[in-house]
file run.pdb (PDB, C-alpha atoms and all ligand atoms)
ATOM      1  CA  MET A  27      94.714-117.054-162.242
ATOM      2  CA  GLN A  28      96.161-113.581-162.568
ATOM      3  CA  GLY A  29      98.833-111.550-160.768
ATOM      4  CA  SER A  30     100.138-107.984-161.051
ATOM      5  CA  ALA A  31     103.307-106.439-159.654
ATOM      6  CA  VAL A  32     105.324-103.230-159.776
ATOM      7  CA  ALA A  33     109.125-103.114-159.680
ATOM      8  CA  HIS A  34     111.694-100.354-160.015
ATOM      9  CA  PRO A  35     114.893-100.455-162.051
ATOM     10  CA  ASN A  36     118.204-100.487-160.240
ATOM     11  CA  VAL A  37     121.563 -98.931-160.987
ATOM     12  CA  ALA A  38     124.637-101.023-160.240
ATOM     13  CA  LEU A  39     127.557 -99.483-158.328
ATOM     14  CA  VAL A  40     129.499-102.752-158.207
ATOM     15  CA  LYS A  41     128.638-104.251-161.576
ATOM     16  CA  TYR A  42     127.615-107.709-162.639
ATOM     17  CA  TRP A  43     129.442-108.344-165.901
ATOM     18  CA  GLY A  44     129.920-112.005-166.823
ATOM     19  CA  LYS A  45     128.210-115.288-165.999
ATOM     20  CA  ARG A  46     129.491-118.564-164.596
ATOM     21  CA  LYS A  47     130.097-121.070-167.321
ATOM     22  CA  ALA A  48     127.350-123.672-167.665
ATOM     23  CA  ALA A  49     125.463-122.465-164.599
ATOM     24  CA  GLY A  50     122.239-121.170-166.104
ATOM     25  CA  ASN A  51     122.105-117.437-165.663
ATOM     26  CA  LEU A  52     124.246-117.267-162.536
ATOM     27  CA  PRO A  53     126.567-114.238-162.387
ATOM     28  CA  ALA A  54     130.280-114.931-161.998
ATOM     29  CA  ALA A  55     130.514-112.509-159.042
ATOM     30  CA  GLY A  56     128.420-110.451-156.653
ATOM     31  CA  SER A  57     127.117-106.949-157.253
ATOM     32  CA  LEU A  58     125.636-103.951-155.443
ATOM     33  CA  SER A  59     122.937-101.570-156.597
ATOM     34  CA  LEU A  60     120.533 -98.786-155.753
ATOM     35  CA  THR A  61     116.839 -99.405-156.387
ATOM     36  CA  LEU A  62     115.365 -96.301-157.999
ATOM     37  CA  GLY A  63     111.953 -95.062-156.927
ATOM     38  CA  ARG A  64     109.714 -93.160-159.359
ATOM     39  CA  LEU A  65     110.707 -95.058-162.544
ATOM     40  CA  SER A  66     108.696 -98.270-162.688
ATOM     41  CA  THR A  67     107.648-101.389-164.556
ATOM     42  CA  ARG A  68     104.097-102.677-164.090
ATOM     43  CA  THR A  69     103.398-106.239-165.160
ATOM     44  CA  THR A  70     100.292-108.422-165.252
ATOM     45  CA  VAL A  71     100.353-112.171-165.898
ATOM     46  CA  ARG A  72      97.183-114.046-166.885
ATOM     47  CA  LEU A  73      97.189-117.816-167.082
ATOM     48  CA  ASP A  74      95.067-119.372-169.774
ATOM     49  CA  SER A  75      94.913-123.142-170.129
ATOM     50  CA  ALA A  76      93.133-122.762-173.487
ATOM     51  CA  ALA A  77      95.841-120.546-175.034
ATOM     52  CA  GLY A  78      98.410-122.507-176.993
ATOM     53  CA  GLU A  79     101.522-120.498-176.187
ATOM     54  CA  ASP A  80     103.041-117.784-173.999
ATOM     55  CA  ARG A  81     102.715-114.193-175.188
ATOM     56  CA  LEU A  82     104.459-111.001-174.203
ATOM     57  CA  ASN A  83     103.141-107.515-174.775
ATOM     58  CA  LEU A  84     105.778-104.913-173.868
ATOM     59  CA  ASN A  85     104.795-101.244-173.834
ATOM     60  CA  GLY A  86     101.693-101.945-175.935
ATOM     61  CA  ARG A  87     103.445-104.054-178.580
ATOM     62  CA  GLU A  88     103.642-107.776-179.177
ATOM     63  CA  ASN A  89     107.232-108.802-178.384
ATOM     64  CA  ARG A  90     108.690-112.136-179.506
ATOM     65  CA  ARG A  91     112.347-111.286-178.966
ATOM     66  CA  ASP A  92     112.183-111.453-175.165
ATOM     67  CA  LEU A  93     109.896-114.499-174.956
ATOM     68  CA  GLY A  94     112.819-116.849-174.275
ATOM     69  CA  ARG A  95     113.830-114.868-171.212
ATOM     70  CA  VAL A  96     110.203-114.725-170.053
ATOM     71  CA  ARG A  97     109.997-118.532-170.240
ATOM     72  CA  ASP A  98     113.302-118.902-168.382
ATOM     73  CA  CYS A  99     111.846-116.774-165.596
ATOM     74  CA  LEU A 100     108.540-118.675-165.511
ATOM     75  CA  ALA A 101     110.124-122.162-165.554
ATOM     76  CA  PRO A 102     111.008-122.546-161.837
ATOM     77  CA  LEU A 103     107.619-121.104-160.813
ATOM     78  CA  ARG A 104     105.722-123.439-163.135
ATOM     79  CA  GLU A 105     107.676-126.387-161.880
ATOM     80  CA  ARG A 106     106.947-125.571-158.229
ATOM     81  CA  ALA A 107     103.261-124.894-158.899
ATOM     82  CA  GLY A 108     102.912-127.952-161.150
ATOM     83  CA  ASN A 109     101.097-125.775-163.643
ATOM     84  CA  ALA A 110     102.193-125.356-167.258
ATOM     85  CA  ASP A 111      99.309-123.151-168.484
ATOM     86  CA  ALA A 112     100.250-120.625-171.148
ATOM     87  CA  ALA A 113     100.840-117.119-169.819
ATOM     88  CA  ALA A 114      99.817-113.790-171.321
ATOM     89  CA  VAL A 115     102.254-111.188-169.979
ATOM     90  CA  GLU A 116     101.582-107.476-170.256
ATOM     91  CA  SER A 117     104.333-105.142-169.139
ATOM     92  CA  ILE A 118     104.689-101.357-169.254
ATOM     93  CA  ASN A 119     107.754 -99.246-168.428
ATOM     94  CA  ASP A 120     107.317 -95.561-167.683
ATOM     95  CA  PHE A 121     110.943 -94.923-168.756
ATOM     96  CA  PRO A 122     113.014 -95.709-171.919
ATOM     97  CA  THR A 123     113.197 -99.484-172.525
ATOM     98  CA  GLY A 124     116.436-101.291-173.400
ATOM     99  CA  ALA A 125     118.592 -98.180-173.245
ATOM    100  CA  GLY A 126     120.803 -98.904-170.276
ATOM    101  CA  LEU A 127     118.191 -98.054-167.653
ATOM    102  CA  ALA A 128     118.006-101.602-166.340
ATOM    103  CA  SER A 129     114.574-102.311-167.773
ATOM    104  CA  SER A 130     115.433-106.022-167.808
ATOM    105  CA  ALA A 131     115.984-105.924-164.030
ATOM    106  CA  SER A 132     112.677-104.254-163.194
ATOM    107  CA  GLY A 133     110.940-106.239-165.947
ATOM    108  CA  MET A 134     112.091-109.650-164.719
ATOM    109  CA  ALA A 135     111.514-108.735-161.053
ATOM    110  CA  ALA A 136     107.937-107.626-161.802
ATOM    111  CA  LEU A 137     107.401-110.699-163.994
ATOM    112  CA  ALA A 138     108.713-113.147-161.376
ATOM    113  CA  LEU A 139     106.507-111.699-158.657
ATOM    114  CA  SER A 140     103.338-111.330-160.749
ATOM    115  CA  ALA A 141     103.703-114.821-162.253
ATOM    116  CA  ALA A 142     104.366-116.289-158.796
ATOM    117  CA  ALA A 143     101.127-114.658-157.610
ATOM    118  CA  ALA A 144      99.197-115.990-160.624
ATOM    119  CA  LEU A 145     100.557-119.471-159.881
ATOM    120  CA  GLY A 146      99.913-119.164-156.139
ATOM    121  CA  VAL A 147     103.573-119.511-155.053
ATOM    122  CA  ASP A 148     104.458-115.872-154.254
ATOM    123  CA  HIS A 149     104.835-116.576-150.512
ATOM    124  CA  ASP A 150     108.147-118.304-151.329
ATOM    125  CA  ARG A 151     110.417-115.283-151.768
ATOM    126  CA  GLU A 152     113.499-117.405-152.401
ATOM    127  CA  LEU A 153     111.751-119.076-155.318
ATOM    128  CA  VAL A 154     110.681-115.660-156.660
ATOM    129  CA  ALA A 155     114.308-114.481-156.457
ATOM    130  CA  ARG A 156     115.455-117.620-158.315
ATOM    131  CA  ALA A 157     112.890-116.990-161.047
ATOM    132  CA  ALA A 158     113.987-113.342-161.344
ATOM    133  CA  MET A 159     117.623-114.483-161.614
ATOM    134  CA  ALA A 160     116.730-116.989-164.350
ATOM    135  CA  GLY A 161     115.271-114.070-166.335
ATOM    136  CA  SER A 162     118.068-111.585-165.668
ATOM    137  CA  GLY A 163     121.104-111.602-163.363
ATOM    138  CA  SER A 164     120.431-108.060-162.174
ATOM    139  CA  ALA A 165     116.712-108.694-161.502
ATOM    140  CA  PRO A 166     116.837-110.214-157.974
ATOM    141  CA  ARG A 167     118.231-106.844-156.835
ATOM    142  CA  SER A 168     115.021-105.099-157.942
ATOM    143  CA  LEU A 169     113.015-107.331-155.599
ATOM    144  CA  PHE A 170     114.584-105.354-152.727
ATOM    145  CA  GLY A 171     114.515-101.678-151.858
ATOM    146  CA  GLY A 172     117.211 -99.094-151.037
ATOM    147  CA  VAL A 173     120.816-100.251-151.312
ATOM    148  CA  VAL A 174     120.969-103.920-152.317
ATOM    149  CA  ALA A 175     123.796-106.463-152.315
ATOM    150  CA  LEU A 176     123.829-109.738-154.223
ATOM    151  CA  SER A 177     126.618-111.968-152.947
ATOM    152  CA  ILE A 178     127.750-115.289-154.379
ATOM    153  CA  ASN A 179     130.175-117.804-152.894
ATOM    154  CA  GLU A 180     132.621-120.179-154.578
ATOM    155  CA  ALA A 181     130.018-122.937-154.656
ATOM    156  CA  GLY A 182     127.619-120.677-156.544
ATOM    157  CA  GLU A 183     125.232-120.202-153.600
ATOM    158  CA  TRP A 184     123.883-116.690-153.677
ATOM    159  CA  ARG A 185     121.891-114.344-151.535
ATOM    160  CA  CYS A 186     120.308-110.994-152.229
ATOM    161  CA  ARG A 187     119.475-108.545-149.450
ATOM    162  CA  SER A 188     118.807-104.925-148.707
ATOM    163  CA  LEU A 189     121.718-103.280-146.829
ATOM    164  CA  LEU A 190     119.839-100.041-146.177
ATOM    165  CA  GLY A 191     116.162 -99.296-146.684
ATOM    166  CA  PRO A 192     115.131 -96.444-149.002
ATOM    167  CA  ASP A 193     114.744 -94.029-146.076
ATOM    168  CA  GLU A 194     118.002 -94.869-144.360
ATOM    169  CA  TRP A 195     120.340 -92.870-146.620
ATOM    170  CA  PRO A 196     118.816 -90.038-148.693
ATOM    171  CA  LEU A 197     120.817 -90.698-151.879
ATOM    172  CA  LYS A 198     119.512 -89.102-155.082
ATOM    173  CA  VAL A 199     120.154 -90.210-158.645
ATOM    174  CA  ALA A 200     120.076 -87.991-161.737
ATOM    175  CA  VAL A 201     119.970 -89.904-165.019
ATOM    176  CA  ALA A 202     121.310 -88.015-168.046
ATOM    177  CA  VAL A 203     119.635 -89.537-171.092
ATOM    178  CA  THR A 204     122.008 -89.094-174.031
ATOM    179  CA  ASP A 205     120.217 -91.428-176.457
ATOM    180  CA  GLY A 206     116.508 -92.275-176.388
ATOM    181  CA  GLY A 207     116.675 -95.360-178.604
ATOM    182  CA  ALA A 208     117.209 -98.995-177.654
ATOM    183  CA  LYS A 209     120.865 -99.904-177.261
ATOM    184  CA  ALA A 210     122.641-101.489-180.195
ATOM    185  CA  LEU A 211     124.231-104.269-178.150
ATOM    186  CA  ASP A 212     122.397-106.031-175.322
ATOM    187  CA  SER A 213     124.285-106.641-172.103
ATOM    188  CA  ARG A 214     123.863-110.420-172.298
ATOM    189  CA  SER A 215     125.806-110.726-175.582
ATOM    190  CA  ALA A 216     128.330-108.072-174.586
ATOM    191  CA  MET A 217     129.215-109.668-171.250
ATOM    192  CA  GLU A 218     129.570-113.076-172.873
ATOM    193  CA  ARG A 219     131.806-111.603-175.529
ATOM    194  CA  THR A 220     133.865-109.925-172.787
ATOM    195  CA  ARG A 221     134.198-113.217-170.900
ATOM    196  CA  ARG A 222     135.347-115.041-174.002
ATOM    197  CA  SER A 223     137.706-112.502-175.526
ATOM    198  CA  SER A 224     138.794-109.660-173.259
ATOM    199  CA  PRO A 225     142.375-109.971-171.992
ATOM    200  CA  PHE A 226     141.209-108.031-168.905
ATOM    201  CA  TYR A 227     138.239-110.221-167.961
ATOM    202  CA  SER A 228     140.056-112.377-165.418
ATOM    203  CA  ALA A 229     141.526-109.278-163.739
ATOM    204  CA  TRP A 230     138.056-107.737-163.651
ATOM    205  CA  LEU A 231     136.630-110.815-161.931
ATOM    206  CA  ARG A 232     139.496-111.117-159.460
ATOM    207  CA  GLY A 233     138.741-107.654-158.080
ATOM    208  CA  GLN A 234     135.005-108.165-157.620
ATOM    209  CA  ASP A 235     134.845-109.750-154.159
ATOM    210  CA  ALA A 236     137.040-107.040-152.649
ATOM    211  CA  ASP A 237     135.054-104.284-154.382
ATOM    212  CA  LEU A 238     131.783-105.733-153.102
ATOM    213  CA  ASP A 239     133.115-106.058-149.534
ATOM    214  CA  ASP A 240     134.444-102.483-149.594
ATOM    215  CA  ALA A 241     131.185-101.172-151.045
ATOM    216  CA  CYS A 242     129.112-102.958-148.380
ATOM    217  CA  ARG A 243     131.326-101.447-145.685
ATOM    218  CA  ALA A 244     131.064 -97.944-147.205
ATOM    219  CA  VAL A 245     127.272 -98.276-147.328
ATOM    220  CA  GLU A 246     127.006 -99.541-143.752
ATOM    221  CA  GLN A 247     129.119 -96.579-142.587
ATOM    222  CA  ARG A 248     127.309 -94.223-144.977
ATOM    223  CA  ASP A 249     130.729 -93.176-146.251
ATOM    224  CA  PHE A 250     129.863 -91.287-149.434
ATOM    225  CA  GLU A 251     133.474 -90.554-150.377
ATOM    226  CA  GLN A 252     134.532 -94.207-150.177
ATOM    227  CA  LEU A 253     131.491 -95.310-152.132
ATOM    228  CA  SER A 254     132.187 -92.652-154.803
ATOM    229  CA  GLU A 255     135.772 -93.687-155.367
ATOM    230  CA  LEU A 256     134.922 -97.353-155.472
ATOM    231  CA  SER A 257     131.863 -97.057-157.720
ATOM    232  CA  GLU A 258     133.578 -94.896-160.336
ATOM    233  CA  ARG A 259     136.533 -97.254-160.471
ATOM    234  CA  ASN A 260     134.336-100.354-160.673
ATOM    235  CA  CYS A 261     132.326 -98.790-163.496
ATOM    236  CA  LEU A 262     135.410 -97.861-165.503
ATOM    237  CA  LYS A 263     136.917-101.316-164.922
ATOM    238  CA  MET A 264     133.779-102.954-166.297
ATOM    239  CA  HIS A 265     133.771-100.734-169.360
ATOM    240  CA  ALA A 266     137.527-101.246-169.858
ATOM    241  CA  ALA A 267     136.930-105.000-169.941
ATOM    242  CA  ALA A 268     133.980-104.559-172.330
ATOM    243  CA  MET A 269     135.925-102.191-174.592
ATOM    244  CA  SER A 270     138.767-104.681-174.850
ATOM    245  CA  ALA A 271     136.524-107.524-176.034
ATOM    246  CA  ARG A 272     136.755-108.709-179.628
ATOM    247  CA  PRO A 273     134.895-107.026-181.260
ATOM    248  CA  PRO A 274     134.796-104.238-178.652
ATOM    249  CA  ALA A 275     131.634-103.371-176.718
ATOM    250  CA  LEU A 276     131.720 -99.585-176.510
ATOM    251  CA  TYR A 277     128.633 -98.068-174.877
ATOM    252  CA  PHE A 278     129.823 -94.477-174.407
ATOM    253  CA  ASN A 279     128.892 -91.750-176.854
ATOM    254  CA  GLY A 280     130.422 -88.268-176.821
ATOM    255  CA  ALA A 281     127.833 -86.921-174.390
ATOM    256  CA  THR A 282     128.437 -89.855-172.024
ATOM    257  CA  VAL A 283     132.088 -88.847-171.726
ATOM    258  CA  GLU A 284     131.185 -85.154-171.439
ATOM    259  CA  CYS A 285     128.783 -85.906-168.571
ATOM    260  CA  ILE A 286     131.452 -87.932-166.762
ATOM    261  CA  HIS A 287     133.825 -84.949-166.969
ATOM    262  CA  ARG A 288     131.143 -82.533-165.717
ATOM    263  CA  ILE A 289     130.401 -84.760-162.746
ATOM    264  CA  ARG A 290     134.086 -85.131-161.904
ATOM    265  CA  ALA A 291     134.521 -81.350-162.089
ATOM    266  CA  LEU A 292     131.618 -80.853-159.651
ATOM    267  CA  ALA A 293     133.131 -83.430-157.284
ATOM    268  CA  ARG A 294     136.554 -81.757-157.472
ATOM    269  CA  ALA A 295     134.870 -78.485-156.535
ATOM    270  CA  GLY A 296     133.475 -80.180-153.419
ATOM    271  CA  SER A 297     130.002 -81.453-154.405
ATOM    272  CA  PRO A 298     129.039 -84.869-153.049
ATOM    273  CA  VAL A 299     128.438 -86.591-156.402
ATOM    274  CA  PHE A 300     129.827 -89.483-158.429
ATOM    275  CA  PHE A 301     128.999 -91.132-161.759
ATOM    276  CA  THR A 302     128.232 -94.593-162.987
ATOM    277  CA  VAL A 303     127.288 -95.994-166.417
ATOM    278  CA  ASP A 304     125.629 -99.358-167.109
ATOM    279  CA  ALA A 305     125.338-101.104-170.485
ATOM    280  CA  GLY A 306     124.185 -98.063-172.414
ATOM    281  CA  PRO A 307     125.125 -94.436-173.080
ATOM    282  CA  GLN A 308     123.153 -92.913-170.182
ATOM    283  CA  VAL A 309     125.053 -91.476-167.226
ATOM    284  CA  LYS A 310     123.792 -91.830-163.682
ATOM    285  CA  ALA A 311     124.970 -89.239-161.179
ATOM    286  CA  VAL A 312     124.543 -90.366-157.575
ATOM    287  CA  CYS A 313     124.557 -87.516-155.078
ATOM    288  CA  LEU A 314     123.516 -86.316-151.661
ATOM    289  CA  PRO A 315     120.325 -84.192-151.620
ATOM    290  CA  GLU A 316     122.110 -80.852-151.279
ATOM    291  CA  ALA A 317     123.886 -81.389-154.619
ATOM    292  CA  LEU A 318     120.881 -82.512-156.700
ATOM    293  CA  ASP A 319     119.906 -79.118-158.191
ATOM    294  CA  GLU A 320     123.448 -78.288-159.150
ATOM    295  CA  VAL A 321     124.005 -81.748-160.652
ATOM    296  CA  THR A 322     120.790 -81.786-162.721
ATOM    297  CA  GLY A 323     121.492 -78.202-163.874
ATOM    298  CA  ALA A 324     125.012 -79.103-165.013
ATOM    299  CA  LEU A 325     123.857 -82.266-166.809
ATOM    300  CA  ARG A 326     120.998 -80.428-168.564
ATOM    301  CA  GLN A 327     123.512 -77.928-169.956
ATOM    302  CA  THR A 328     125.822 -80.637-171.261
ATOM    303  CA  PRO A 329     125.697 -80.830-175.072
ATOM    304  CA  GLY A 330     124.024 -84.047-176.255
ATOM    305  CA  VAL A 331     121.923 -84.570-173.117
ATOM    306  CA  LEU A 332     118.293 -85.051-174.200
ATOM    307  CA  ARG A 333     116.773 -84.947-170.732
ATOM    308  CA  VAL A 334     117.568 -85.563-167.098
ATOM    309  CA  LEU A 335     115.390 -87.844-164.955
ATOM    310  CA  THR A 336     115.722 -87.769-161.196
ATOM    311  CA  ALA A 337     114.954 -90.456-158.654
ATOM    312  CA  GLU A 338     115.390 -91.204-154.999
ATOM    313  CA  LEU A 339     115.896 -94.657-153.552
ATOM    314  CA  GLY A 340     112.784 -96.774-153.942
ATOM    315  CA  ALA A 341     111.106 -99.823-152.467
ATOM    316  CA  GLY A 342     111.452-103.409-153.622
ATOM    317  CA  ALA A 343     108.998-105.107-155.979
ATOM    318  CA  ARG A 344     105.469-105.542-154.659
ATOM    319  CA  LEU A 345     102.137-106.997-155.710
ATOM    320  CA  ALA A 346      99.830-104.405-157.218
TER
HETATM  321  C1  LIG B 401     125.831-103.392-166.899
HETATM  322  O1  LIG B 401     121.102-108.288-165.880
HETATM  323  O2  LIG B 401     120.792-107.224-168.146
HETATM  324  O3  LIG B 401     123.647-103.372-165.986
HETATM  325  O4  LIG B 401     121.539-111.535-166.819
HETATM  326  O5  LIG B 401     121.987-111.404-169.240
HETATM  327  O6  LIG B 401     119.895-110.398-168.320
HETATM  328  P1  LIG B 401     121.346-110.723-168.068
HETATM  329  O7  LIG B 401     122.121-109.358-167.917
HETATM  330  P2  LIG B 401     121.649-107.993-167.214
HETATM  331  O8  LIG B 401     123.071-107.261-167.071
HETATM  332  C2  LIG B 401     123.252-106.110-166.314
HETATM  333  C3  LIG B 401     124.560-105.493-166.652
HETATM  334  C4  LIG B 401     124.819-104.121-166.031
HETATM  335  C5  LIG B 401     125.441-104.253-164.642
HETATM  336  C6  LIG B 401     124.518-104.578-163.507
HETATM  337  O9  LIG B 401     123.323-104.261-163.558
HETATM  338  O10 LIG B 401     125.048-105.106-162.508
END

call {"tool": "encode", "arguments": {"input": "run.pdb", "output": "structure tokens"}}
result
Amino acid sequence: MQGSAVAHPNVALVKYWGKRKAAGNLPAAGSLSLTLGRLSTRTTVRLDSAAGEDRLNLNGRENRRDLGRVRDCLAPLRERAGNADAAAVESINDFPTGAGLASSASGMAALALSAAAALGVDHDRELVARAAMAGSGSAPRSLFGGVVALSINEAGEWRCRSLLGPDEWPLKVAVAVTDGGAKALDSRSAMERTRRSSPFYSAWLRGQDADLDDACRAVEQRDFEQLSELSERNCLKMHAAAMSARPPALYFNGATVECIHRIRALARAGSPVFFTVDAGPQVKAVCLPEALDEVTGALRQTPGVLRVLTAELGAGARLA
């Protein structure tokens, strides 16, 4: 009664920012992301009928704060398996946790798959995706490798799939870490605040279907320029909506903005690179392989950058 899985974080190019009202954890619109190899979350779930309650150990420490989300993720799996045994979850990230590096995505993807294995229902990949979604709206994307699209229709039916496998487009990602601590404002509260109070939220949502369609087309045609333009704009739109919430959700620090300018300067000079920023101060530069050295060099020299991690596209979550 035990399962282990590994999953990689993902970086969104078309962002998920806002949930459907009264629809569990269902995002209001689709999204598109890159699954990052190298950085990973490893999770083991042990079922124990004698234990009174679920427990989570994250990076070697007892964690009560995220237990609610763990239970949300386990609920559909428990229901299908007809097994309500308490779960002891042990999870380790080999990258900064809760700092805008999508640790909730890799965490909930690894949890859904390992718990499904412990409960004997991991053959049902749709159920695993539903469990991942219940834990975190960005997590189903980490179940898949390469470039991943999550699309949702009017009726709220959704589907997550890989558009290109990790070896089908050699994109590289450099992550400029500008703050090593956990973020002050989690994405769940910030997106809800944006939905409730930003005057730009409805405009943000209205543009999402078209952005996702255009991004899927750019990926299928491997059109780096199109994808660059679209991703940068989608990122800034998301942050504009967040910044205009009441009170504002401002994730950028000075170094975040400096990195964005450096990346734009490299692109203007002809390098195939663009930026994106999720719910934290880290900047992700997505580039073609020939630009990686130049991009990491420029980010390392940017004042306020603590370190630069690099990754290529990675595989989807798997049992370990
Ligand atoms: C900015 O998936 O962390 O990274 O569903 O509440 O767990 P919950 O939110 P989460 O939000 C991710 C926000 C984002 C954009 C993205 O990954 O698409």

call {"tool": "resolve_selection", "arguments": {"input": "run.pdb", "expression": "the PyMOL selection byres (((not hetatm)) within 9 of (chain B and resi 401))", "output": "VMD selection string"}}
result
chain A and resid 36 to 45 51 to 53 56 to 59 95 126 to 131 134 159 to 165 167 212 to 218 261 264 to 265 303 to 306

call {"tool": "resolve_selection", "arguments": {"input": "run.pdb", "expression": "the PyMOL selection byres (((chain A and resi 84-87) around 12) and not hetatm)", "output": "ChimeraX atom specification"}}
result
/A:67-70,81-83,88-93,96,114-124,129-130,133,137

call {"tool": "write_last_selection", "arguments": {"input": "run.pdb", "atoms": "C-alpha atoms", "output": "compact mmCIF listing (two decimals), in the frame of the given file"}}
result
# COMPACT_ATOMS: atom_id res chain seq x y z
CA THR A 67 107.65 -101.39 -164.56
CA ARG A 68 104.10 -102.68 -164.09
CA THR A 69 103.40 -106.24 -165.16
CA THR A 70 100.29 -108.42 -165.25
CA ARG A 81 102.72 -114.19 -175.19
CA LEU A 82 104.46 -111.00 -174.20
CA ASN A 83 103.14 -107.52 -174.78
CA GLU A 88 103.64 -107.78 -179.18
CA ASN A 89 107.23 -108.80 -178.38
CA ARG A 90 108.69 -112.14 -179.51
CA ARG A 91 112.35 -111.29 -178.97
CA ASP A 92 112.18 -111.45 -175.16
CA LEU A 93 109.90 -114.50 -174.96
CA VAL A 96 110.20 -114.72 -170.05
CA ALA A 114 99.82 -113.79 -171.32
CA VAL A 115 102.25 -111.19 -169.98
CA GLU A 116 101.58 -107.48 -170.26
CA SER A 117 104.33 -105.14 -169.14
CA ILE A 118 104.69 -101.36 -169.25
CA ASN A 119 107.75 -99.25 -168.43
CA ASP A 120 107.32 -95.56 -167.68
CA PHE A 121 110.94 -94.92 -168.76
CA PRO A 122 113.01 -95.71 -171.92
CA THR A 123 113.20 -99.48 -172.52
CA GLY A 124 116.44 -101.29 -173.40
CA SER A 129 114.57 -102.31 -167.77
CA SER A 130 115.43 -106.02 -167.81
CA GLY A 133 110.94 -106.24 -165.95
CA LEU A 137 107.40 -110.70 -163.99

call {"tool": "residues_around", "arguments": {"input": "run.pdb", "residues": "Glu255 in chain A", "least_positions_apart": "4", "cutoff": "10 Å", "atoms": "all atoms listed in the file", "output": "PyMOL selection string"}}
result
chain A and resi 241+250-251+259-260+300-301

call {"tool": "closest_atom_pairs", "arguments": {"input": "run.pdb", "of": "range 216-290 of chain A", "to": "range 332-346 of chain A", "cutoff": "12 Å", "atoms": "all atoms listed in the file", "output": "CSV"}}
result
residue,atom,partner,partner_atom,distance
A:Ala281,CA,A:Leu332,CA,9.7
A:Thr282,CA,A:Leu332,CA,11.4
A:Cys285,CA,A:Val334,CA,11.3

call {"tool": "residues_around", "arguments": {"input": "run.pdb", "residues": "Glu316 in chain A", "least_positions_apart": "5", "cutoff": "12 Å", "atoms": "only C-alpha atoms", "output": "ChimeraX atom specification"}}
result
/A:196-198,296-299,321-322

call {"tool": "atom_distance", "arguments": {"input": "run.pdb", "atom1": "CA of Pro274 in chain A", "atom2": "CA of Thr220 in chain A"}}
result
8.2 Å

call {"tool": "resolve_selection", "arguments": {"input": "run.pdb", "expression": "the PyMOL selection byres (((chain A and resi 99-110) around 9) and not hetatm)", "output": "list in words"}}
result
Ser75, Gly94, Arg95, Val96, Arg97, Asp98, Asp111, Ala112, Ala113, Met134, Leu137, Ala138, Ala141, Ala142, Leu145, Gly146, Val147, Asp148, Leu153, Val154, Arg156, Ala157, Ala158, Met159, Ala160, Gly161 and Ser162 of chain A

call {"tool": "atom_distance", "arguments": {"input": "run.pdb", "atom1": "CA of Ser228 in chain A", "atom2": "CA of Met269 in chain A"}}
result
14.3 Å

call {"tool": "atom_distance", "arguments": {"input": "run.pdb", "atom1": "CA of Val203 in chain A", "atom2": "CA of Trp230 in chain A"}}
result
26.9 Å

call {"tool": "closest_residue", "arguments": {"input": "run.pdb", "among": "A:Leu325, A:Ala295, A:Leu60, A:Val174", "to": "Ala200 in chain A", "atoms": "all atoms listed in the file"}}
result
A:Leu325

call {"tool": "closest_residue", "arguments": {"input": "run.pdb", "among": "A:Pro35, A:Gly233, A:Gly206, A:Gly280", "to": "Pro166 in chain A", "atoms": "only C-alpha atoms"}}
result
A:Pro35

call {"tool": "residues_around", "arguments": {"input": "run.pdb", "residues": "Asn179 in chain A", "least_positions_apart": "5", "cutoff": "10 Å", "atoms": "all atoms listed in the file", "output": "list in words"}}
result
Ala54, Ala55, Gly56, Trp184, Arg185 and Asp235 of chain A

call {"tool": "residues_around", "arguments": {"input": "run.pdb", "residues": "Ser224 in chain A", "least_positions_apart": "2", "cutoff": "7 Å", "atoms": "all atoms listed in the file", "output": "list in words"}}
result
Thr220, Arg221, Arg222, Phe226, Tyr227, Ala267, Ser270, Ala271 and Arg272 of chain A
